[in-house]
Amino acid sequence: MSAQTIRSTCPYCGVGCGVLLRPTGDGGLEVKGDPDHPANRGRLCSKGSALGETLGLDDRLLTPQVHGETATWDAALDLVAGTFQRTIAEHGPDSVALYVSGQLLTEDYYVANKFAKGLIGTANIDTNSRLCMASTVAGHKRAFGTDTVPGTYEDLDEADLVVLVGSNLAWCHPVLYQRILAARASRGTKIVVIDPRRTASCDGAELHLAVAPGSDVTLFNGLLAEIAQRGLVDADFAQHVTGAEAAIVAAQATDLSVTGLSDGDLAAFYDLWCGTEKVVTIFSQGVNQSSAGTDKVNAILNCHLATGRIGKPGQGPFSVTGQPNAMGGREVGGLANMLACHLDIENADHRAAVQGFWSSPAMPEAPGLKAVDMFNAVGEGRIKALWIIHTNPAVSMPDADRVRAAIAGCDFVVVSDVTGQTDTARLAHVMLPAAAWAEKSGTVTNSDRTISRQRAALPAPGGVRPDWAIIAEVARRMGWAEGFDFSGPAEIFREYAALSGIAAGFGRDFDISGLAGLSETEYDALAPVRWPVTAQDAGGRFFGDGRFFTPDGRARMIPVSHRAPVSVPKTKVGSALGASAGTLSRDSPAGCRGAGPWPRRARHGRDRSRAGDPACARHR
Ligand code: SF4
């Protein structure tokens, strides 16, 4: 590796592939896969390979803008801080909100979360990752007590059967799909795709089950009933699980005709799943983005818990994330109903611990407004100052026209982004120019809990600043200098890691306290590392030992039953997300597919982000 080559992470999707970046000297970058990164071992898909095409200054926002006029940073930041302060003084802390993004680095996320919950005292901070991942978060918490991904990417190499549910992995997480195909070639791994559509992922599959939209709960309830009927419930693991009897009773009441599948297809799937010990069930937006998303997640988890096929090599349920740092956002408290490090906002002890750690002047006592509710509140005038960071809700939220109108009617809107040319930025009173992916430094977490460094490979152009620095500067102007006196991302990361050690004291899973003492040099050189990272533990699987994060330490199987998809008028969903089926079930393309294997604006036209964060605007 030449001295000029910089190790970083692909900012497109949640696979989190390592990249080697070499500046070409004319503002561009040569991009190669990092052979030493555990997520991709040198592989890149067409999106990662084309990262160099996302660079350039066309349409970049290079200076702050106030009411459409170029402004100094001082003037813009004073206006933001003063308006937020005045709004809070007149209407209370819950009259302001932040809507952030899975494009943020973890350090940016941490500072944004501390700003909202620790300084302002509102939980009105939510992330566009909610649209992709909230069902999984809720499903994990119901079953495990925490939002924990049990397995690792190595499980894909070791599985004998991989089931893709609501996931077009071949397009949306191509390097993972290649990894499974490699396992197929070397050990005969079988692939089953469960999706109403025939997708590219079906090309390598033994079986494609074209289920009726929204019938996943039924399909997996049928599997659970089959597991019970065949006597495959793991008696040893059962001591670590509660709720099995009720879940199985609910499963046995299932009407399999709802799936629309033939008896032969159902039998083939159930034979494969029941007959294969090493099975990984991957699920993605087709499961998450549904009116019954959480039940779908738990229907899948139930089958793995019943058989004890979880947290062991080649076995487990596996949620794969869309955005590059969706996982980081979940860990750092980017959701309106969470505190940092998987602590719960509704738990008084957790709140007190975080407030004490931060020495913060305020702390919300209840969850804030989640994404849809937040924009409803904006439209109703209850949110009077709104800060939107690296996301384009005027396009990407469901019912986008209504969201656009709400933002347009808000008293004060701030947008931080790499470009002022998004539909949302055009509605802002203040635009703040933020660093793009190749210019910023921090960490991201991928789908298998691996924390990787994203390193700046290019100088920030013009007056752009990193997001953490912008937010910290506003916080200082609002009067909490000591809480936001960060010298850089390494110091933010250390604080975050130290807080995770406190969270672990409450029995939380997320613990990276082993990284709390990193020096600047060590942080700079940090190699990819999977959490937990403690003095005793590093990066393994969860739950194979039967220990869960519930009060009694046992997993919970949840009785679930079929609910028909909630129909949403096509005009509401379609305008925002390109749905064709008129429902919010997976099974319409409303399911966020991640950025497809197209390098540049070919798919989503002008809404595609350009110079900076390269994930498509719809995905954001
Ligand atoms: S887009 Fe995803 S799969 Fe492709 S190189 Fe980037 S991180 Fe890897």
# chains A, B, ... in the order shown; residues from 1 in each chain; ligands from 1
$ residues_near_ligand --ligand "ligand 1" --cutoff "9 Å" --atoms "only C-alpha atoms and all ligand atoms" --output "VMD selection string"
chain A and resid 9 to 19 33 39 to 40 43 to 51 171 to 177 322 to 324 446 594 to 597 615
$ write_last_selection --atoms "N, CA and C atoms" --output "mmCIF file, in the first residue's frame"
data_model
loop_
_atom_site.group_PDB
_atom_site.id
_atom_site.type_symbol
_atom_site.label_atom_id
_atom_site.label_comp_id
_atom_site.auth_asym_id
_atom_site.auth_seq_id
_atom_site.Cartn_x
_atom_site.Cartn_y
_atom_site.Cartn_z
ATOM 1 N N THR A 9 -14.003 3.360 4.337
ATOM 2 C CA THR A 9 -15.147 2.459 4.237
ATOM 3 C C THR A 9 -16.091 2.970 3.168
ATOM 4 N N CYS A 10 -16.593 2.073 2.346
ATOM 5 C CA CYS A 10 -17.544 2.469 1.314
ATOM 6 C C CYS A 10 -18.785 3.074 1.965
ATOM 7 N N PRO A 11 -19.205 4.254 1.520
ATOM 8 C CA PRO A 11 -20.333 4.920 2.177
ATOM 9 C C PRO A 11 -21.679 4.619 1.530
ATOM 10 N N TYR A 12 -21.765 3.558 0.744
ATOM 11 C CA TYR A 12 -23.032 3.296 0.061
ATOM 12 C C TYR A 12 -24.015 2.473 0.885
ATOM 13 N N CYS A 13 -23.562 1.365 1.463
ATOM 14 C CA CYS A 13 -24.573 0.491 2.081
ATOM 15 C C CYS A 13 -24.044 -0.167 3.346
ATOM 16 N N GLY A 14 -24.923 -0.871 4.013
ATOM 17 C CA GLY A 14 -24.623 -1.433 5.326
ATOM 18 C C GLY A 14 -23.707 -2.629 5.321
ATOM 19 N N VAL A 15 -23.282 -3.107 4.151
ATOM 20 C CA VAL A 15 -22.277 -4.176 4.153
ATOM 21 C C VAL A 15 -20.990 -3.642 4.777
ATOM 22 N N GLY A 16 -20.676 -2.363 4.482
ATOM 23 C CA GLY A 16 -19.524 -1.726 5.116
ATOM 24 C C GLY A 16 -18.193 -2.227 4.591
ATOM 25 N N CYS A 17 -18.053 -2.267 3.271
ATOM 26 C CA CYS A 17 -16.819 -2.788 2.678
ATOM 27 C C CYS A 17 -15.663 -1.810 2.892
ATOM 28 N N GLY A 18 -14.494 -2.356 3.127
ATOM 29 C CA GLY A 18 -13.298 -1.532 3.212
ATOM 30 C C GLY A 18 -12.831 -1.124 1.831
ATOM 31 N N VAL A 19 -12.394 0.117 1.715
ATOM 32 C CA VAL A 19 -11.871 0.611 0.434
ATOM 33 C C VAL A 19 -10.483 1.211 0.657
ATOM 34 N N GLY A 33 -10.923 -2.233 -3.557
ATOM 35 C CA GLY A 33 -11.361 -2.940 -2.367
ATOM 36 C C GLY A 33 -10.180 -3.217 -1.444
ATOM 37 N N ALA A 39 -15.141 -7.423 6.024
ATOM 38 C CA ALA A 39 -16.467 -7.453 5.389
ATOM 39 C C ALA A 39 -16.375 -7.865 3.924
ATOM 40 N N ASN A 40 -15.302 -7.513 3.242
ATOM 41 C CA ASN A 40 -15.287 -7.748 1.790
ATOM 42 C C ASN A 40 -14.026 -8.402 1.263
ATOM 43 N N ARG A 43 -13.202 -7.439 -2.167
ATOM 44 C CA ARG A 43 -14.280 -7.342 -3.162
ATOM 45 C C ARG A 43 -14.941 -5.971 -3.103
ATOM 46 N N LEU A 44 -15.426 -5.502 -4.226
ATOM 47 C CA LEU A 44 -16.311 -4.335 -4.281
ATOM 48 C C LEU A 44 -17.396 -4.623 -5.309
ATOM 49 N N CYS A 45 -18.567 -4.083 -5.096
ATOM 50 C CA CYS A 45 -19.600 -4.185 -6.129
ATOM 51 C C CYS A 45 -19.449 -2.982 -7.068
ATOM 52 N N SER A 46 -20.323 -2.906 -8.058
ATOM 53 C CA SER A 46 -20.205 -1.827 -9.045
ATOM 54 C C SER A 46 -20.399 -0.460 -8.400
ATOM 55 N N LYS A 47 -21.187 -0.409 -7.321
ATOM 56 C CA LYS A 47 -21.381 0.893 -6.662
ATOM 57 C C LYS A 47 -20.104 1.343 -5.974
ATOM 58 N N GLY A 48 -19.519 0.448 -5.214
ATOM 59 C CA GLY A 48 -18.278 0.806 -4.545
ATOM 60 C C GLY A 48 -17.166 1.117 -5.537
ATOM 61 N N SER A 49 -17.117 0.336 -6.609
ATOM 62 C CA SER A 49 -16.077 0.561 -7.616
ATOM 63 C C SER A 49 -16.223 1.918 -8.279
ATOM 64 N N ALA A 50 -17.451 2.414 -8.335
ATOM 65 C CA ALA A 50 -17.703 3.686 -9.025
ATOM 66 C C ALA A 50 -17.722 4.875 -8.068
ATOM 67 N N LEU A 51 -17.237 4.673 -6.856
ATOM 68 C CA LEU A 51 -17.281 5.777 -5.886
ATOM 69 C C LEU A 51 -16.583 7.030 -6.395
ATOM 70 N N TRP A 171 -28.677 -7.268 -5.529
ATOM 71 C CA TRP A 171 -28.602 -5.852 -5.918
ATOM 72 C C TRP A 171 -28.240 -4.943 -4.745
ATOM 73 N N CYS A 172 -28.833 -5.231 -3.604
ATOM 74 C CA CYS A 172 -28.762 -4.250 -2.516
ATOM 75 C C CYS A 172 -27.546 -4.445 -1.618
ATOM 76 N N HIS A 173 -27.057 -5.660 -1.512
ATOM 77 C CA HIS A 173 -25.862 -5.939 -0.704
ATOM 78 C C HIS A 173 -24.991 -6.904 -1.507
ATOM 79 N N PRO A 174 -24.523 -6.446 -2.659
ATOM 80 C CA PRO A 174 -23.926 -7.384 -3.623
ATOM 81 C C PRO A 174 -22.721 -8.146 -3.091
ATOM 82 N N VAL A 175 -21.916 -7.528 -2.269
ATOM 83 C CA VAL A 175 -20.729 -8.234 -1.793
ATOM 84 C C VAL A 175 -21.125 -9.384 -0.856
ATOM 85 N N LEU A 176 -22.167 -9.186 -0.079
ATOM 86 C CA LEU A 176 -22.639 -10.297 0.750
ATOM 87 C C LEU A 176 -23.186 -11.420 -0.123
ATOM 88 N N TYR A 177 -23.880 -11.046 -1.180
ATOM 89 C CA TYR A 177 -24.426 -12.061 -2.081
ATOM 90 C C TYR A 177 -23.289 -12.850 -2.732
ATOM 91 N N GLY A 322 -29.630 -1.080 5.367
ATOM 92 C CA GLY A 322 -29.534 -0.395 4.085
ATOM 93 C C GLY A 322 -28.435 0.641 4.056
ATOM 94 N N GLN A 323 -28.536 1.628 4.910
ATOM 95 C CA GLN A 323 -27.599 2.742 4.839
ATOM 96 C C GLN A 323 -26.267 2.392 5.517
ATOM 97 N N PRO A 324 -25.217 3.140 5.163
ATOM 98 C CA PRO A 324 -23.894 2.768 5.648
ATOM 99 C C PRO A 324 -23.764 2.803 7.162
ATOM 100 N N ASN A 446 -21.311 -1.575 10.516
ATOM 101 C CA ASN A 446 -22.028 -2.282 9.446
ATOM 102 C C ASN A 446 -23.015 -3.298 10.024
ATOM 103 N N GLY A 594 -32.161 -0.135 -1.163
ATOM 104 C CA GLY A 594 -30.765 0.271 -1.147
ATOM 105 C C GLY A 594 -30.420 0.823 -2.505
ATOM 106 N N ALA A 595 -29.243 1.366 -2.626
ATOM 107 C CA ALA A 595 -28.820 1.851 -3.924
ATOM 108 C C ALA A 595 -28.521 0.658 -4.810
ATOM 109 N N GLY A 596 -29.076 0.623 -5.996
ATOM 110 C CA GLY A 596 -28.874 -0.508 -6.881
ATOM 111 C C GLY A 596 -27.492 -0.486 -7.508
ATOM 112 N N PRO A 597 -27.203 -1.431 -8.349
ATOM 113 C CA PRO A 597 -25.866 -1.547 -8.891
ATOM 114 C C PRO A 597 -25.640 -0.612 -10.068
ATOM 115 N N ALA A 615 -25.390 7.595 -1.494
ATOM 116 C CA ALA A 615 -26.598 6.785 -1.527
ATOM 117 C C ALA A 615 -27.722 7.616 -2.131
#
$ closest_atom_pairs --of "stretch 181-248 of chain A" --to "stretch 302-318 of chain A" --cutoff "7 Å" --atoms "only C-alpha atoms" --output "tab-separated table"
residue	atom	partner	partner_atom	distance
A:Leu224	CA	A:Cys303	CA	5.5
A:Leu232	CA	A:Thr307	CA	6.3
A:Val233	CA	A:Thr307	CA	5.0
A:Asp234	CA	A:Thr307	CA	4.8
A:Phe237	CA	A:Gly308	CA	5.5
A:Ala238	CA	A:Ala306	CA	6.9
$ closest_residue --among "A:Arg556, A:Arg60, A:Arg541, A:Lys440" --to "A:Glu107" --atoms "only C-alpha atoms"
A:Lys440
$ closest_atom_pairs --of "stretch 398-506 of chain A" --to "stretch 24-28 of chain A" --cutoff "10 Å" --atoms "only C-alpha atoms" --output "CSV"
residue,atom,partner,partner_atom,distance
A:Ala438,CA,A:Gly28,CA,9.9
A:Ala457,CA,A:Gly28,CA,9.6
A:Leu458,CA,A:Gly27,CA,7.3
A:Pro459,CA,A:Gly27,CA,8.9
A:Pro461,CA,A:Gly27,CA,9.9
$ atom_distance --atom1 "atom CA of A:Ala504" --atom2 "atom CA of A:Val354"
12.3 Å
$ closest_residue --among "A:Lys278, A:Arg563, A:His429, A:Arg455" --to "A:Thr189" --atoms "only C-alpha atoms"
A:Lys278
$ closest_atom_pairs --of "stretch 399-505 of chain A" --to "stretch 141-164 of chain A" --cutoff "9 Å" --atoms "only C-alpha atoms" --output "JSON lines"
{"residue": "A:Ser447", "atom": "CA", "partner": "A:Val149", "partner_atom": "CA", "distance": 7.8}
{"residue": "A:Asp448", "atom": "CA", "partner": "A:Thr152", "partner_atom": "CA", "distance": 5.0}
{"residue": "A:Arg449", "atom": "CA", "partner": "A:Val149", "partner_atom": "CA", "distance": 7.3}
{"residue": "A:Thr450", "atom": "CA", "partner": "A:Thr152", "partner_atom": "CA", "distance": 8.8}
$ select_by_dssp --residues "stretch 163-381 of chain A" --states "alpha helix (DSSP H)" --output "count of residues only"
103
$ residues_around --residues "stretch 420-428 of chain A" --least-positions-apart "2" --cutoff "9 Å" --atoms "only C-alpha atoms" --output "PDB file with C-alpha atoms, in the first residue's frame"
ATOM      1  CA  ASP A  59     -23.837  21.646  -7.236  1.00  0.00           C
ATOM      2  CA  ARG A  60     -21.790  21.501  -4.013  1.00  0.00           C
ATOM      3  CA  LEU A  61     -22.867  23.807  -1.254  1.00  0.00           C
ATOM      4  CA  GLN A  65     -26.759  30.406   2.928  1.00  0.00           C
ATOM      5  CA  VAL A  66     -29.327  32.438   4.856  1.00  0.00           C
ATOM      6  CA  HIS A  67     -32.603  33.138   3.075  1.00  0.00           C
ATOM      7  CA  GLY A  68     -30.899  32.278  -0.205  1.00  0.00           C
ATOM      8  CA  ILE A 388     -32.617  18.375   8.865  1.00  0.00           C
ATOM      9  CA  THR A 391     -31.543  13.589   4.297  1.00  0.00           C
ATOM     10  CA  ASN A 392     -34.220  14.648   1.890  1.00  0.00           C
ATOM     11  CA  PRO A 393     -37.605  14.032   3.544  1.00  0.00           C
ATOM     12  CA  ALA A 394     -39.483  16.159   1.009  1.00  0.00           C
ATOM     13  CA  VAL A 395     -38.808  13.245  -1.333  1.00  0.00           C
ATOM     14  CA  ARG A 404     -42.986  18.959   1.699  1.00  0.00           C
ATOM     15  CA  ILE A 407     -41.550  21.832   5.860  1.00  0.00           C
ATOM     16  CA  ALA A 408     -42.480  24.755   3.634  1.00  0.00           C
ATOM     17  CA  PHE A 412     -37.557  27.990  10.797  1.00  0.00           C
ATOM     18  CA  VAL A 413     -35.835  25.232   8.826  1.00  0.00           C
ATOM     19  CA  VAL A 414     -32.124  24.487   8.824  1.00  0.00           C
ATOM     20  CA  VAL A 415     -30.604  21.997   6.385  1.00  0.00           C
ATOM     21  CA  SER A 416     -27.071  20.637   6.631  1.00  0.00           C
ATOM     22  CA  ASP A 417     -26.052  18.865   3.442  1.00  0.00           C
ATOM     23  CA  VAL A 418     -23.423  18.604   0.752  1.00  0.00           C
ATOM     24  CA  VAL A 430     -30.547  28.348   6.521  1.00  0.00           C
ATOM     25  CA  MET A 431     -28.314  25.952   4.590  1.00  0.00           C
ATOM     26  CA  LEU A 432     -25.085  24.772   6.184  1.00  0.00           C
ATOM     27  CA  PRO A 433     -22.409  23.224   3.942  1.00  0.00           C
ATOM     28  CA  ARG A 606     -32.304  14.438 -10.192  1.00  0.00           C
ATOM     29  CA  ASP A 607     -33.094  13.306  -6.676  1.00  0.00           C
ATOM     30  CA  ARG A 608     -29.905  11.332  -6.551  1.00  0.00           C
ATOM     31  CA  SER A 609     -27.288  12.874  -4.325  1.00  0.00           C
ATOM     32  CA  ALA A 617     -31.927  10.357  -2.190  1.00  0.00           C
TER      33      ALA A 617
END
$ residues_around --residues "A:Val332" --least-positions-apart "6" --cutoff "9 Å" --atoms "only C-alpha atoms" --output "list in words"
Thr106, Glu107, Tyr109, Tyr110, Asn113, Met338, Leu339, Ala340, Cys341, His342 and Tyr496 of chain A
$ residues_around --residues "A:Pro532" --least-positions-apart "3" --cutoff "6 Å" --atoms "only C-alpha atoms" --output "PyMOL selection string"
chain A and resi 511-512+538-539
$ write_last_selection --atoms "C-alpha atoms" --output "PDB file, in the first residue's frame"
ATOM      1  CA  ASP A 511     -20.134  -2.205  25.133  1.00  0.00           C
ATOM      2  CA  ILE A 512     -17.068  -0.752  23.461  1.00  0.00           C
ATOM      3  CA  ALA A 538     -14.149  -8.950  21.552  1.00  0.00           C
ATOM      4  CA  GLY A 539     -16.479  -9.275  18.665  1.00  0.00           C
TER       5      GLY A 539
END
$ atom_distance --atom1 "atom CA of A:Ala405" --atom2 "atom CA of A:Gly379"
7.3 Å
$ closest_residue --among "A:Ile470, A:Ile6, A:Val217, A:Met478" --to "A:Pro23" --atoms "only C-alpha atoms"
A:Ile6
$ closest_residue --among "A:Met557, A:Ala469, A:Ser519, A:Arg184" --to "A:Leu77" --atoms "only C-alpha atoms"
A:Ala469
$ residues_around --residues "stretch 435-437 of chain A" --least-positions-apart "4" --cutoff "9 Å" --atoms "only C-alpha atoms" --output "mmCIF file with N, CA and C atoms, in the first residue's frame"
data_model
loop_
_atom_site.group_PDB
_atom_site.id
_atom_site.type_symbol
_atom_site.label_atom_id
_atom_site.label_comp_id
_atom_site.auth_asym_id
_atom_site.auth_seq_id
_atom_site.Cartn_x
_atom_site.Cartn_y
_atom_site.Cartn_z
ATOM 1 N N CYS A 10 -16.593 2.073 2.346
ATOM 2 C CA CYS A 10 -17.544 2.469 1.314
ATOM 3 C C CYS A 10 -18.785 3.074 1.965
ATOM 4 N N PRO A 11 -19.205 4.254 1.520
ATOM 5 C CA PRO A 11 -20.333 4.920 2.177
ATOM 6 C C PRO A 11 -21.679 4.619 1.530
ATOM 7 N N LEU A 55 -17.472 12.092 -6.847
ATOM 8 C CA LEU A 55 -16.716 13.266 -6.403
ATOM 9 C C LEU A 55 -16.917 14.414 -7.390
ATOM 10 N N GLN A 103 -26.629 8.447 6.947
ATOM 11 C CA GLN A 103 -25.403 8.888 6.275
ATOM 12 C C GLN A 103 -24.418 9.511 7.254
ATOM 13 N N ASP A 417 -26.191 19.855 4.517
ATOM 14 C CA ASP A 417 -26.052 18.865 3.442
ATOM 15 C C ASP A 417 -24.846 19.232 2.593
ATOM 16 N N VAL A 418 -24.553 18.339 1.650
ATOM 17 C CA VAL A 418 -23.423 18.604 0.752
ATOM 18 C C VAL A 418 -23.839 19.445 -0.441
ATOM 19 N N SER A 441 -14.172 12.298 8.710
ATOM 20 C CA SER A 441 -13.424 11.316 9.476
ATOM 21 C C SER A 441 -14.240 10.870 10.680
ATOM 22 N N GLN A 454 -13.963 5.583 8.832
ATOM 23 C CA GLN A 454 -14.040 6.315 7.570
ATOM 24 C C GLN A 454 -13.032 7.448 7.707
ATOM 25 N N ARG A 455 -12.111 7.511 6.764
ATOM 26 C CA ARG A 455 -11.024 8.488 6.883
ATOM 27 C C ARG A 455 -11.101 9.485 5.737
ATOM 28 N N ALA A 456 -10.815 10.733 6.061
ATOM 29 C CA ALA A 456 -10.819 11.760 5.019
ATOM 30 C C ALA A 456 -9.679 11.495 4.037
ATOM 31 N N ALA A 460 -11.476 19.215 2.675
ATOM 32 C CA ALA A 460 -12.824 19.789 2.542
ATOM 33 C C ALA A 460 -12.739 21.050 1.683
ATOM 34 N N PRO A 461 -13.569 21.158 0.667
ATOM 35 C CA PRO A 461 -13.487 22.324 -0.212
ATOM 36 C C PRO A 461 -14.201 23.534 0.395
ATOM 37 N N VAL A 464 -16.724 24.214 3.822
ATOM 38 C CA VAL A 464 -17.523 23.146 4.420
ATOM 39 C C VAL A 464 -16.877 22.629 5.709
ATOM 40 N N ARG A 465 -17.721 22.153 6.614
ATOM 41 C CA ARG A 465 -17.259 21.662 7.910
ATOM 42 C C ARG A 465 -17.878 20.287 8.197
ATOM 43 N N PRO A 466 -17.216 19.506 9.057
ATOM 44 C CA PRO A 466 -17.825 18.230 9.469
ATOM 45 C C PRO A 466 -19.091 18.479 10.289
ATOM 46 N N ASP A 467 -20.001 17.531 10.245
ATOM 47 C CA ASP A 467 -21.277 17.725 10.946
ATOM 48 C C ASP A 467 -21.098 17.889 12.447
ATOM 49 N N ALA A 611 -22.584 15.187 -5.296
ATOM 50 C CA ALA A 611 -21.181 15.363 -4.961
ATOM 51 C C ALA A 611 -20.783 14.641 -3.688
ATOM 52 N N GLY A 612 -21.708 14.418 -2.808
ATOM 53 C CA GLY A 612 -21.291 13.945 -1.508
ATOM 54 C C GLY A 612 -21.812 12.572 -1.193
ATOM 55 N N ASP A 613 -22.680 12.490 -0.214
ATOM 56 C CA ASP A 613 -23.169 11.200 0.211
ATOM 57 C C ASP A 613 -23.787 10.497 -0.983
ATOM 58 N N PRO A 614 -23.245 9.377 -1.361
ATOM 59 C CA PRO A 614 -23.634 8.842 -2.641
ATOM 60 C C PRO A 614 -24.862 7.956 -2.638
#
$ select_by_dssp --residues "stretch 373-511 of chain A" --states "strand (DSSP E or B)" --output "PyMOL selection string"
chain A and resi 385-389+412-417+419+430-434+442-445+450-454+465
